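A.B. asks: Structure file data.txt (compact mmCIF, C-alpha atoms and all ligand atoms) right here:
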```txt
# COMPACT_ATOMS: atom_id res chain seq x y z
CA MET A 1260 14.45 22.41 -7.18
CA SER A 1261 13.90 21.28 -3.56
CA SER A 1262 15.83 18.28 -2.22
CA THR A 1263 12.59 16.33 -2.11
CA SER A 1264 11.81 16.74 -5.78
CA ALA A 1265 15.50 16.27 -6.68
CA SER A 1266 15.61 12.91 -4.86
CA TRP A 1267 12.21 12.02 -6.32
CA THR A 1268 13.42 12.80 -9.85
CA SER A 1269 16.45 10.54 -9.43
CA PHE A 1270 14.13 7.91 -7.90
CA ILE A 1271 11.85 8.07 -10.96
CA LYS A 1272 14.93 7.60 -13.16
CA SER A 1273 15.80 4.48 -11.10
CA LEU A 1274 12.33 3.11 -11.88
CA ALA A 1275 13.34 2.93 -15.55
CA SER A 1276 15.59 -0.01 -14.62
CA TYR A 1277 13.01 -1.48 -12.16
CA ASN A 1278 13.55 -5.23 -12.05
CA GLY A 1279 10.15 -6.36 -10.74
CA ASP A 1280 11.21 -6.72 -7.09
CA LEU A 1281 9.56 -3.87 -5.15
CA SER A 1282 11.87 -4.35 -2.17
CA SER A 1283 14.89 -3.64 -4.39
CA LEU A 1284 13.74 -0.04 -4.87
CA THR A 1285 15.51 2.46 -2.64
CA ALA A 1286 12.76 5.04 -2.53
CA PRO A 1287 13.57 8.46 -0.97
CA PRO A 1288 12.64 8.79 2.75
CA PHE A 1289 9.52 10.92 2.25
CA ILE A 1290 7.83 8.09 0.31
CA LEU A 1291 8.65 5.49 2.98
CA SER A 1292 5.92 4.40 5.37
CA PRO A 1293 6.85 3.67 9.03
CA THR A 1294 4.39 0.75 8.83
CA SER A 1295 5.32 -2.80 7.78
CA LEU A 1296 3.28 -4.57 5.10
CA VAL A 1297 2.48 -7.32 7.68
CA GLU A 1298 0.12 -4.77 9.34
CA TYR A 1299 -2.09 -4.42 6.23
CA SER A 1300 -4.08 -7.58 7.15
CA GLN A 1301 -5.93 -5.47 9.75
CA TYR A 1302 -7.74 -3.64 6.93
CA TRP A 1303 -9.92 -6.74 6.39
CA SER A 1304 -11.92 -6.04 9.54
CA GLU A 1305 -12.16 -2.35 10.45
CA HIS A 1306 -15.98 -2.70 10.30
CA VAL A 1307 -16.46 -5.63 12.71
CA ASP A 1308 -20.27 -5.15 12.68
CA LEU A 1309 -20.38 -5.75 8.92
CA PHE A 1310 -17.89 -8.65 9.17
CA LEU A 1311 -20.21 -10.43 11.66
CA ALA A 1312 -23.55 -9.21 10.20
CA PRO A 1313 -24.65 -12.48 8.48
CA ASN A 1314 -24.75 -14.17 11.91
CA PHE A 1315 -27.64 -11.85 12.85
CA ILE A 1316 -29.66 -12.11 9.62
CA GLN A 1317 -32.44 -14.70 9.76
CA GLN A 1318 -35.22 -15.67 7.30
CA GLU A 1319 -38.20 -13.32 7.89
CA PRO A 1320 -41.85 -14.44 7.24
CA ASN A 1321 -42.61 -12.58 3.99
CA ASP A 1322 -39.04 -12.40 2.62
CA ILE A 1323 -38.71 -12.38 -1.18
CA ASP A 1324 -35.04 -13.42 -0.95
CA SER A 1325 -33.61 -16.65 0.49
CA VAL A 1326 -31.64 -16.10 3.70
CA GLU A 1327 -28.49 -17.19 1.83
CA LEU A 1328 -29.05 -14.36 -0.69
CA LYS A 1329 -29.50 -11.91 2.20
CA HIS A 1330 -26.19 -13.19 3.64
CA MET A 1331 -24.51 -12.77 0.22
CA VAL A 1332 -25.62 -9.11 0.10
CA ALA A 1333 -24.28 -8.61 3.65
CA VAL A 1334 -20.91 -10.21 2.76
CA LEU A 1335 -20.63 -7.96 -0.34
CA ARG A 1336 -21.30 -4.93 1.91
CA TRP A 1337 -18.56 -6.06 4.35
CA PHE A 1338 -16.10 -6.61 1.45
CA ILE A 1339 -16.80 -3.16 -0.05
CA SER A 1340 -16.34 -1.65 3.45
CA THR A 1341 -12.77 -3.05 3.63
CA LEU A 1342 -11.54 -1.30 0.46
CA LYS A 1343 -11.13 2.28 1.74
CA SER A 1344 -8.94 1.07 4.64
CA GLN A 1345 -7.00 -1.32 2.38
CA TYR A 1346 -6.23 1.18 -0.36
CA CYS A 1347 -6.70 4.74 0.97
CA SER A 1348 -5.63 4.73 4.63
CA ARG A 1349 -2.05 5.88 3.92
CA ALA A 1350 -3.31 8.69 1.69
CA GLU A 1351 -5.53 9.84 4.57
CA THR A 1352 -2.97 9.60 7.35
CA LEU A 1353 0.34 10.17 5.51
CA GLY A 1354 -0.77 12.42 2.62
CA GLY A 1355 -0.33 9.83 -0.10
CA GLU A 1356 0.38 6.15 -0.77
CA LYS A 1357 3.72 5.17 0.72
CA LYS A 1358 6.15 2.30 0.35
CA PRO A 1359 5.58 -0.03 3.32
CA LEU A 1360 8.47 -1.61 5.24
CA ASN A 1361 9.33 -4.98 3.71
CA PRO A 1362 8.55 -7.60 6.42
CA PHE A 1363 11.27 -10.07 7.45
CA LEU A 1364 10.55 -13.82 7.42
CA GLY A 1365 8.47 -14.73 10.49
CA GLU A 1366 7.50 -11.13 11.30
CA LEU A 1367 4.25 -11.10 13.29
CA PHE A 1368 1.48 -8.57 13.80
CA VAL A 1369 -1.25 -9.42 16.33
CA GLY A 1370 -4.05 -7.40 17.88
CA LYS A 1371 -7.74 -7.43 18.74
CA TRP A 1372 -10.95 -5.53 18.11
CA THR A 1373 -12.92 -5.10 21.34
CA ASP A 1374 -16.71 -5.53 21.25
CA GLU A 1375 -18.28 -2.10 20.62
CA SER A 1376 -21.83 -3.47 20.17
CA PRO A 1377 -24.35 -2.17 22.76
CA SER A 1378 -25.59 -5.73 23.40
CA LYS A 1379 -22.02 -7.17 23.51
CA LYS A 1380 -23.20 -9.81 20.98
CA PHE A 1381 -19.94 -9.56 18.98
CA GLY A 1382 -17.36 -10.62 21.57
CA GLU A 1383 -13.65 -10.14 20.86
CA THR A 1384 -12.14 -10.45 17.35
CA LEU A 1385 -8.45 -11.43 17.04
CA LEU A 1386 -5.98 -10.77 14.22
CA VAL A 1387 -2.83 -12.81 13.61
CA SER A 1388 -0.72 -11.77 10.60
CA GLU A 1389 2.57 -13.52 9.72
CA GLN A 1390 5.18 -13.01 6.98
CA VAL A 1391 5.30 -16.62 5.80
CA SER A 1392 7.74 -15.92 2.96
CA HIS A 1393 10.37 -13.23 2.33
CA HIS A 1394 11.41 -14.18 -1.22
CA PRO A 1395 8.81 -13.63 -2.65
CA PRO A 1396 7.12 -11.53 0.07
CA ILE A 1397 3.92 -13.30 1.24
CA THR A 1398 1.75 -12.28 4.20
CA ALA A 1399 -0.76 -14.79 5.64
CA TYR A 1400 -3.44 -13.74 8.12
CA ALA A 1401 -6.43 -14.95 10.11
CA ILE A 1402 -9.17 -12.91 11.76
CA GLN A 1403 -11.07 -14.99 14.32
CA ASN A 1404 -14.27 -14.22 16.24
CA LYS A 1405 -14.92 -17.22 18.54
CA THR A 1406 -18.20 -15.88 20.03
CA ASN A 1407 -19.89 -16.11 16.61
CA LYS A 1408 -17.67 -18.89 15.18
CA THR A 1409 -16.64 -16.59 12.30
CA THR A 1410 -13.14 -16.83 10.74
CA LEU A 1411 -11.48 -15.07 7.83
CA GLN A 1412 -8.21 -16.57 6.65
CA GLY A 1413 -6.14 -15.64 3.64
CA TYR A 1414 -2.80 -14.64 2.21
CA ASN A 1415 -1.40 -12.03 -0.16
CA GLY A 1416 1.65 -11.66 -2.35
CA VAL A 1417 2.13 -9.05 -5.09
CA ARG A 1418 4.03 -8.89 -8.37
CA ALA A 1419 4.54 -5.43 -9.85
CA SER A 1420 5.73 -3.96 -13.14
CA MET A 1421 6.28 -0.37 -14.25
CA SER A 1422 4.47 1.13 -17.22
CA ALA A 1423 5.26 4.63 -18.51
CA THR A 1424 3.38 6.38 -15.70
CA ALA A 1425 2.02 3.75 -13.31
CA LEU A 1426 3.09 0.76 -11.24
CA ASN A 1427 0.92 -2.21 -12.23
CA VAL A 1428 0.32 -4.68 -9.40
CA ARG A 1429 -1.08 -8.22 -9.62
CA GLN A 1430 -2.26 -9.70 -6.34
CA TYR A 1431 -1.71 -13.42 -5.59
CA GLY A 1432 -3.74 -15.20 -2.93
CA HIS A 1433 -7.33 -15.18 -1.73
CA ALA A 1434 -9.46 -14.82 1.39
CA LEU A 1435 -11.75 -17.50 2.81
CA LEU A 1436 -14.63 -16.46 5.08
CA SER A 1437 -16.40 -19.10 7.20
CA TYR A 1438 -19.61 -18.68 9.23
CA GLU A 1439 -19.73 -21.98 11.14
CA ASN A 1440 -23.14 -21.31 12.76
CA LEU A 1441 -24.65 -20.71 9.31
CA ASN A 1442 -22.70 -23.52 7.62
CA GLU A 1443 -21.72 -21.00 4.91
CA LYS A 1444 -18.31 -20.23 3.38
CA TYR A 1445 -17.19 -17.55 0.94
CA LEU A 1446 -14.17 -17.34 -1.37
CA ILE A 1447 -12.98 -13.77 -2.01
CA THR A 1448 -10.45 -13.00 -4.78
CA LEU A 1449 -8.16 -9.93 -4.86
CA PRO A 1450 -8.40 -7.35 -7.68
CA PRO A 1451 -5.45 -6.10 -9.74
CA LEU A 1452 -4.44 -2.50 -8.96
CA HIS A 1453 -2.15 0.19 -10.24
CA ILE A 1454 -0.44 3.08 -8.52
CA GLU A 1455 -0.99 6.36 -10.31
CA GLY A 1456 0.51 9.77 -9.55
CA ILE A 1457 4.05 8.46 -9.16
CA LEU A 1458 5.47 11.07 -11.57
CA MET A 1459 3.80 13.81 -9.48
CA ALA A 1460 5.24 12.26 -6.27
CA ALA A 1461 1.65 11.89 -5.03
CA PRO A 1462 1.01 8.17 -5.55
CA PHE A 1463 -2.45 6.68 -5.04
CA VAL A 1464 -4.05 3.28 -5.62
CA GLU A 1465 -6.70 2.59 -8.26
CA LEU A 1466 -8.34 -0.85 -8.45
CA GLU A 1467 -9.04 -2.37 -11.87
CA GLN A 1468 -10.56 -5.34 -13.76
CA LYS A 1469 -12.62 -7.80 -11.68
CA SER A 1470 -12.82 -9.71 -8.42
CA TYR A 1471 -15.25 -12.41 -7.24
CA ILE A 1472 -17.05 -13.49 -4.08
CA GLN A 1473 -18.33 -17.10 -4.35
CA SER A 1474 -20.78 -18.33 -1.71
CA SER A 1475 -21.04 -22.04 -0.79
CA ALA A 1476 -24.81 -21.54 -1.29
CA GLY A 1477 -24.08 -20.93 -5.02
CA TYR A 1478 -24.57 -17.15 -5.20
CA VAL A 1479 -21.66 -15.22 -6.71
CA ALA A 1480 -20.82 -11.50 -6.75
CA VAL A 1481 -18.80 -10.19 -9.72
CA ILE A 1482 -17.23 -6.80 -8.95
CA GLU A 1483 -15.83 -4.60 -11.75
CA TYR A 1484 -13.55 -1.69 -10.85
CA SER A 1485 -12.73 1.51 -12.68
CA GLY A 1486 -11.15 4.90 -12.08
CA LYS A 1487 -11.31 8.36 -13.62
CA GLY A 1488 -12.18 8.34 -17.30
CA TYR A 1489 -13.97 5.00 -17.24
CA PHE A 1490 -17.71 4.35 -17.21
CA SER A 1491 -18.44 6.69 -14.30
CA GLY A 1492 -15.52 9.06 -14.70
CA LYS A 1493 -14.96 9.06 -10.92
CA SER A 1494 -12.01 7.54 -9.07
CA ASN A 1495 -12.47 4.38 -6.98
CA SER A 1496 -15.63 3.35 -8.87
CA PHE A 1497 -17.11 -0.12 -8.96
CA LYS A 1498 -20.15 -2.03 -10.20
CA ALA A 1499 -21.04 -5.30 -8.45
CA ARG A 1500 -23.68 -7.75 -9.59
CA ILE A 1501 -24.97 -10.71 -7.58
CA TYR A 1502 -26.07 -13.80 -9.54
CA LYS A 1503 -27.67 -17.13 -8.59
CA ASN A 1504 -24.51 -18.90 -9.76
CA ILE A 1505 -21.42 -18.42 -11.92
CA SER A 1506 -23.06 -19.68 -15.14
CA GLU A 1507 -25.83 -17.06 -14.84
CA ALA A 1508 -23.06 -14.47 -14.40
CA GLU A 1509 -22.42 -14.80 -18.13
CA ASP A 1510 -25.59 -12.77 -18.71
CA LYS A 1511 -25.83 -9.40 -16.94
CA THR A 1512 -29.60 -9.32 -17.37
CA LYS A 1513 -29.76 -12.22 -14.90
CA ALA A 1514 -28.30 -10.15 -12.05
CA LEU A 1515 -30.41 -10.43 -8.88
CA TYR A 1516 -28.90 -7.22 -7.45
CA THR A 1517 -26.68 -4.45 -8.81
CA VAL A 1518 -24.54 -2.27 -6.55
CA SER A 1519 -22.60 0.67 -7.90
CA GLY A 1520 -20.80 3.84 -6.84
CA GLN A 1521 -17.45 4.53 -5.19
CA TRP A 1522 -15.85 2.08 -2.75
CA SER A 1523 -14.17 5.07 -1.06
CA GLY A 1524 -17.48 7.02 -1.01
CA VAL A 1525 -21.17 6.22 -1.44
CA SER A 1526 -22.63 3.22 -3.28
CA SER A 1527 -26.24 2.21 -3.87
CA ILE A 1528 -28.12 -1.03 -4.47
CA SER A 1529 -31.17 -1.97 -6.54
CA ARG A 1530 -32.79 -5.19 -7.73
CA GLY A 1531 -32.03 -6.57 -11.18
CA ASN A 1532 -29.21 -5.51 -13.45
CA THR A 1533 -29.47 -1.72 -13.47
CA VAL A 1534 -29.19 0.90 -10.78
CA ALA A 1535 -32.71 2.32 -10.66
CA SER A 1536 -33.44 5.89 -9.60
CA ASP A 1537 -35.01 4.60 -6.34
CA ALA A 1538 -31.83 2.72 -5.44
CA GLN A 1539 -31.10 2.47 -1.71
CA VAL A 1540 -27.78 3.52 -0.15
CA PHE A 1541 -25.68 0.35 0.10
CA PHE A 1542 -22.62 1.63 1.96
CA ASP A 1543 -21.25 5.11 2.74
CA ALA A 1544 -17.49 4.80 3.34
CA LYS A 1545 -17.05 8.46 4.27
CA ASN A 1546 -19.63 8.24 7.07
CA SER A 1547 -18.67 4.84 8.47
CA LYS A 1548 -15.87 5.35 10.96
CA PRO A 1549 -13.39 2.44 10.85
CA GLN A 1550 -12.66 0.70 14.17
CA HIS A 1551 -8.87 0.35 14.60
CA LEU A 1552 -7.64 -2.76 16.38
CA THR A 1553 -5.90 -2.61 19.76
CA VAL A 1554 -2.19 -3.49 19.76
CA LYS A 1555 -0.38 -4.05 23.07
CA PRO A 1556 2.42 -1.60 24.01
CA ILE A 1557 5.79 -2.19 22.29
CA GLU A 1558 7.49 -3.05 25.63
CA GLU A 1559 5.09 -6.03 26.01
CA GLN A 1560 5.73 -7.30 22.47
CA SER A 1561 7.94 -10.24 21.48
CA PRO A 1562 11.04 -9.57 19.29
CA LEU A 1563 9.20 -11.01 16.26
CA GLU A 1564 6.36 -8.49 16.54
CA SER A 1565 6.43 -5.82 13.86
CA ARG A 1566 6.22 -2.53 15.79
CA ARG A 1567 8.91 -3.62 18.26
CA ALA A 1568 11.21 -5.00 15.53
CA TRP A 1569 10.92 -1.87 13.32
CA GLN A 1570 10.67 0.71 16.15
CA LYS A 1571 14.03 2.40 15.46
CA VAL A 1572 13.51 2.41 11.66
CA ALA A 1573 9.99 3.84 12.08
CA GLU A 1574 11.34 6.63 14.34
CA ALA A 1575 14.05 7.44 11.77
CA ILE A 1576 11.47 7.57 8.96
CA ARG A 1577 9.26 9.90 11.00
CA ALA A 1578 12.36 12.07 11.60
CA ASN A 1579 13.12 11.96 7.85
CA ASN A 1580 16.68 11.02 8.82
CA TYR A 1581 17.96 9.14 5.78
CA ASN A 1582 21.27 7.99 7.25
CA LEU A 1583 19.64 6.65 10.41
CA ILE A 1584 16.95 4.83 8.35
CA HIS A 1585 19.69 3.18 6.32
CA GLU A 1586 21.76 2.33 9.44
CA GLU A 1587 18.86 0.79 11.39
CA LYS A 1588 17.47 -1.07 8.34
CA THR A 1589 20.89 -2.51 7.60
CA LYS A 1590 21.10 -3.87 11.19
CA ILE A 1591 17.81 -5.78 10.70
CA GLU A 1592 18.80 -7.01 7.25
CA ASN A 1593 22.19 -8.25 8.54
CA GLU A 1594 20.54 -10.04 11.49
CA GLN A 1595 18.17 -11.77 9.04
CA ARG A 1596 21.04 -12.74 6.72
CA GLU A 1597 22.91 -14.30 9.68
CA LEU A 1598 19.78 -16.25 10.72
CA ARG A 1599 19.29 -17.64 7.19
CA LYS A 1600 22.99 -18.62 7.00
CA LYS A 1601 22.78 -20.44 10.37
CA GLU A 1602 19.55 -22.24 9.33
CA ALA A 1603 21.22 -23.36 6.10
CA ALA A 1604 24.36 -24.53 7.95
CA ASP A 1605 22.38 -26.47 10.59
CA ASP A 1606 19.79 -27.60 8.01
CA THR A 1607 17.03 -26.15 10.24
CA PRO A 1608 14.88 -24.09 7.82
CA TRP A 1609 12.58 -21.46 9.34
CA LYS A 1610 9.20 -22.89 10.43
CA GLN A 1611 6.04 -20.80 9.99
CA LYS A 1612 4.14 -20.37 13.27
CA PHE A 1613 0.44 -20.22 12.39
CA PHE A 1614 0.23 -21.20 8.70
CA GLU A 1615 1.28 -24.08 6.48
CA GLU A 1616 1.97 -24.28 2.76
CA ILE A 1617 -0.53 -26.35 0.77
CA ASP A 1618 -0.84 -27.47 -2.85
CA TYR A 1619 -4.60 -27.35 -3.51
CA THR A 1620 -4.17 -28.98 -6.93
CA THR A 1621 -3.49 -32.26 -5.05
CA LEU A 1622 -6.67 -32.09 -2.93
CA THR A 1623 -10.19 -33.29 -3.77
CA GLU A 1624 -13.12 -31.17 -2.56
CA GLU A 1625 -13.81 -33.71 0.22
CA ASP A 1626 -10.17 -33.74 1.47
CA ASP A 1627 -9.94 -29.95 1.66
CA GLU A 1628 -11.54 -28.92 4.96
CA THR A 1629 -10.96 -25.20 4.24
CA GLY A 1630 -13.59 -25.43 1.48
CA TYR A 1631 -11.33 -23.51 -0.91
CA VAL A 1632 -11.23 -26.19 -3.66
CA LYS A 1633 -15.03 -26.53 -3.74
CA LEU A 1634 -15.59 -22.76 -3.88
CA ALA A 1635 -12.88 -22.23 -6.53
CA ASN A 1636 -14.48 -24.98 -8.65
CA MET A 1637 -17.94 -23.39 -8.19
CA ALA A 1638 -16.55 -20.07 -9.45
CA ASN A 1639 -14.60 -21.80 -12.22
CA LEU A 1640 -11.34 -20.32 -10.85
CA SER A 1641 -7.87 -21.79 -11.30
CA LEU A 1642 -6.34 -23.65 -8.32
CA LYS A 1643 -2.82 -22.88 -9.52
CA ASN A 1644 -0.41 -20.23 -8.27
CA VAL A 1645 -1.68 -17.58 -10.72
CA PRO A 1646 -2.95 -14.02 -10.16
CA SER A 1647 -5.97 -14.03 -7.83
CA GLY A 1648 -9.29 -14.48 -9.66
CA THR A 1649 -7.81 -16.14 -12.77
CA ARG A 1650 -10.58 -18.11 -14.53
CA LYS A 1651 -9.80 -21.76 -15.29
CA GLY A 1652 -8.46 -22.14 -18.83
CA SER A 1653 -7.92 -18.40 -19.34
CA SER A 1654 -4.66 -17.14 -20.84
CA LYS A 1655 -3.25 -16.39 -17.37
CA ASP A 1656 -4.02 -19.93 -16.13
CA ASN A 1657 -0.68 -21.03 -17.47
CA GLU A 1658 1.55 -21.66 -14.46
CA THR A 1659 3.17 -25.07 -14.58
CA GLU A 1660 4.31 -24.86 -10.96
CA ALA A 1661 1.94 -26.57 -8.52
CA GLY A 1662 -0.53 -24.44 -6.58
CA SER A 1663 1.44 -23.26 -3.55
CA HIS A 1664 -1.02 -21.59 -1.22
CA TRP A 1665 -1.13 -20.89 2.52
CA ARG A 1666 -3.61 -22.30 5.05
CA PHE A 1667 -4.33 -21.21 8.65
CA CYS A 1668 -3.73 -23.76 11.45
CA PRO A 1669 -6.23 -22.61 14.15
CA GLU A 1670 -5.06 -25.20 16.69
CA ARG A 1671 -1.66 -23.46 16.84
CA LEU A 1672 -3.39 -20.31 18.07
CA ASP A 1673 -4.58 -22.20 21.16
CA THR A 1674 -1.06 -23.27 22.12
CA THR A 1675 0.91 -20.13 21.25
CA ASP A 1676 2.86 -18.06 23.80
CA ILE A 1677 2.08 -14.94 21.76
CA VAL A 1678 -0.11 -12.57 23.82
CA PHE A 1679 -2.86 -10.63 22.01
C1 LIG B 1 7.15 2.33 -7.69
C2 LIG B 1 8.10 2.13 -6.59
C3 LIG B 1 7.74 2.85 -5.35
O1 LIG B 1 8.23 2.54 -4.33
O2 LIG B 1 6.81 3.87 -5.43
C4 LIG B 1 6.28 4.19 -4.19
C5 LIG B 1 4.82 4.20 -4.31
C6 LIG B 1 4.21 4.46 -3.01
C7 LIG B 1 4.20 3.00 -5.00
C8 LIG B 1 4.66 1.59 -4.57
C9 LIG B 1 4.01 1.06 -3.32
O3 LIG B 1 2.63 1.35 -3.22
C10 LIG B 1 2.20 0.59 -2.11
C11 LIG B 1 0.72 0.21 -2.17
C12 LIG B 1 0.78 -1.20 -1.61
C13 LIG B 1 -0.50 -2.07 -1.64
C14 LIG B 1 -1.61 -1.33 -0.84
C15 LIG B 1 -2.68 -2.25 -0.37
C16 LIG B 1 -2.62 -3.60 -0.42
C17 LIG B 1 -3.83 -4.38 0.02
C18 LIG B 1 -3.41 -5.42 1.05
O4 LIG B 1 -4.53 -6.23 1.41
C19 LIG B 1 -2.33 -6.32 0.46
C20 LIG B 1 -1.11 -5.49 0.07
C21 LIG B 1 -1.43 -4.35 -0.90
C22 LIG B 1 -1.74 -4.90 -2.27
C23 LIG B 1 -0.17 -3.41 -0.95
C24 LIG B 1 1.01 -4.08 -1.64
C25 LIG B 1 2.26 -3.19 -1.75
C26 LIG B 1 1.93 -1.83 -2.40
C27 LIG B 1 1.62 -1.98 -3.86
C28 LIG B 1 3.01 -0.74 -2.16
C29 LIG B 1 4.04 -0.45 -3.24
C30 LIG B 1 5.44 -0.91 -2.91
```
Would you encode the structure as structure tokens?
Ligand SMILES: CCC(=O)OC[C@H](C)CC[C@H]1O[C@H]2C[C@H]3[C@@H]4CC=C5C[C@@H](O)CC[C@]5(C)[C@H]4CC[C@]3(C)[C@H]2[C@@H]1C
C.D. replies:
Amino acid sequence: MSSTSASWTSFIKSLASYNGDLSSLTAPPFILSPTSLVEYSQYWSEHVDLFLAPNFIQQEPNDIDSVELKHMVAVLRWFISTLKSQYCSRAETLGGEKKPLNPFLGELFVGKWTDESPSKKFGETLLVSEQVSHHPPITAYAIQNKTNKTTLQGYNGVRASMSATALNVRQYGHALLSYENLNEKYLITLPPLHIEGILMAAPFVELEQKSYIQSSAGYVAVIEYSGKGYFSGKSNSFKARIYKNISEAEDKTKALYTVSGQWSGVSSISRGNTVASDAQVFFDAKNSKPQHLTVKPIEEQSPLESRRAWQKVAEAIRANNYNLIHEEKTKIENEQRELRKKEAADDTPWKQKFFEEIDYTTLTEEDDETGYVKLANMANLSLKNVPSGTRKGSSKDNETEAGSHWRFCPERLDTTDIVF
């Protein structure tokens, strides 16, 4: 048995006593990614043209659909376009899903997408991603395009549990998309997922159950996910239906549009609630090259920036040098422990740079300028700190703890010394 499979076998055995904290797992080096989880926020905008598309969609003279419905279809297309980068990019570049580096409190990842449009109508798009919590791990992010007054903000935390053969992951958090010029906002929830293939040491992500996109214009998209052996038998499958509002979503025959196929491949769209034979191609993930963001060289980065902070660990992982990985990781962990001790002694707790914690259960729709409360109420979603997309009153809407969420503070971006 090779050393790899020997270490993987002992790793699988360790999973039997998995305690629910992913960072506590000491996975063997070949399953470790040299990339920190704080970098995953970039996967929300590797198709900048689709992210900005609604800004360039106007009402046409003999349109059947309202312009808001046309924008809803465009936002669904952008969302579907993010999934392959979010959930398959490690499999494509590293040969399989990997365990990301566990970001330290305050770790930053910033970058920008340059304007690749022929007419230069996009302008620059900035990403700021910050580890706002270490226990539990929570990453908050904002993607801002000032030229078209378009901003995505959101946060993500995961809770995972092992079943016999898969790691089941519940995502906490949401994304909020705002098109200021259109006076439209969208709430996007995050689907549950599971990691299959762990026993064969070839892990990959499969999305499951449902997620929602609620438009401030009332339209709502309900997306159902499935993998091999479900309704289509293919991996990475989904069926999305757009409805006039959440109450009409109770009846599939009221769907205005139905989109179905593979989020990592081709999907098609047709009117109504079935996918007709003359369905049009909706999105083709395999033939839409993602645009990677530009990150400044490590020597120009601040000590809090991810690729500079983890540089030595990332090099050790790429060299498959287990002892050096452990040595360099321990240095970072000890530094962090010392910082926390000093903060506790001086009573100067760490302050998040670009985001603030917020309890939405205390806000009325009018008070909440992010628009989250109004959109969550429109979609009948819980405001509490429960798995993303939990319907109000459902069995999972049971948390007693107040709704601790994270909100972007755009004004802090204007005064920061961080260089993009
Ligand atoms: C089971 C223990 C273990 O370490 O096995 C190693 C395996 C690679 C499986 C565990 C890791 O799998 C990784 C996949 C990661 C998710 C991938 C994409 C996203 C979307 C992004 O927008 C937010 C983060 C999220 C949900 C990642 C969260 C962390 C995951 C589950 C990693 C697991 C530790």
A.B. asks: Could you tell me which of A:Leu1411, A:Ala1514, A:Val1678, A:His1306 comes closest to Thr1373 (chain A) if we count only C-alpha atoms?
C.D. replies: A:His1306
A.B. asks: Please enclose the listed atoms of region 1455-1458 of chain A in an axis-aligned box, pad each side by 8 Å, and write out the centre and the three edge lengths in Å, rounded to one decimal, as lines of an AutoDock Vina configuration file.
C.D. replies:
```
center_x = 2.2
center_y = 8.7
center_z = -10.4
size_x = 22.5
size_y = 20.7
size_z = 18.4
```
A.B. asks: Check every protein, DNA and RNA residue against ligand LIG 1 (chain B), keep those with an atom at most 7 Å away (counting only C-alpha atoms and all ligand atoms), and present them as a compact mmCIF listing (two decimals) with C-alpha atoms, keeping the file's coordinate frame.
C.D. replies:
```
# COMPACT_ATOMS: atom_id res chain seq x y z
CA LEU A 1274 12.33 3.11 -11.88
CA LEU A 1281 9.56 -3.87 -5.15
CA LEU A 1284 13.74 -0.04 -4.87
CA ALA A 1286 12.76 5.04 -2.53
CA ILE A 1290 7.83 8.09 0.31
CA LEU A 1296 3.28 -4.57 5.10
CA TYR A 1299 -2.09 -4.42 6.23
CA SER A 1300 -4.08 -7.58 7.15
CA TYR A 1302 -7.74 -3.64 6.93
CA GLN A 1345 -7.00 -1.32 2.38
CA TYR A 1346 -6.23 1.18 -0.36
CA GLU A 1356 0.38 6.15 -0.77
CA LYS A 1357 3.72 5.17 0.72
CA LYS A 1358 6.15 2.30 0.35
CA PRO A 1359 5.58 -0.03 3.32
CA ASN A 1415 -1.40 -12.03 -0.16
CA VAL A 1417 2.13 -9.05 -5.09
CA LEU A 1426 3.09 0.76 -11.24
CA VAL A 1428 0.32 -4.68 -9.40
CA GLN A 1430 -2.26 -9.70 -6.34
CA ILE A 1454 -0.44 3.08 -8.52
CA ILE A 1457 4.05 8.46 -9.16
CA PRO A 1462 1.01 8.17 -5.55
CA VAL A 1464 -4.05 3.28 -5.62
```
A.B. asks: Select, from A:Ala1350, A:Ser1422, A:Ser1304, A:Tyr1431, the residue with the minimum atom-to-atom distance to Leu1458 (chain A), counting all atoms listed in the file.
C.D. replies: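 Among A:Ala1350, A:Ser1422, A:Ser1304, A:Tyr1431, it is A:Ser1422 that comes nearest to Leu1458 (chain A).
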A.B. asks: One decimal, Å: what's the distance from CA of Val1369 (chain A) over to CA of Ser1547 (chain A), could you say?
C.D. replies: 23.8 Å
A.B. asks: Looking at A:Ser1340, A:Ala1460, A:Glu1602, A:Leu1563, which one is nearest to Gln1390 (chain A), with distances taken over all atoms listed in the file?
C.D. replies: A:Leu1563
A.B. asks: Give as a VMD selection string every residue, naming chains and numbers as the document does, that has an atom within 6 Å of (-3.1, -22.6, -10.9), counting all atoms listed in the file.
C.D. replies: chain A and resid 1641 to 1645 1656 1658 1662
A.B. asks: Next, the residues of the selection above should be written as a tab-separated table (two decimals), in the frame of the given file with C-alpha atoms.
C.D. replies:
```tsv
chain	number	residue	atom	x	y	z
A	1641	SER	CA	-7.87	-21.79	-11.30
A	1642	LEU	CA	-6.34	-23.65	-8.32
A	1643	LYS	CA	-2.82	-22.88	-9.52
A	1644	ASN	CA	-0.41	-20.23	-8.27
A	1645	VAL	CA	-1.68	-17.58	-10.72
A	1656	ASP	CA	-4.02	-19.93	-16.13
A	1658	GLU	CA	1.55	-21.66	-14.46
A	1662	GLY	CA	-0.53	-24.44	-6.58
```
A.B. asks: Considering only C-alpha atoms, can you say which of A:Tyr1414, A:Gln1550, A:Tyr1516, A:Tyr1445 comes closest to Asp1374 (chain A)?
C.D. replies: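 When distances to Asp1374 (chain A) are compared using only C-alpha atoms, the smallest one comes from A:Gln1550.
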A.B. asks: With all atoms listed in the file as the atoms that count, which of A:Thr1589, A:Ser1437, A:Thr1553, A:Thr1294 lies nearest to Gly1370 (chain A)?
C.D. replies: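 Closest candidate: A:Thr1553.
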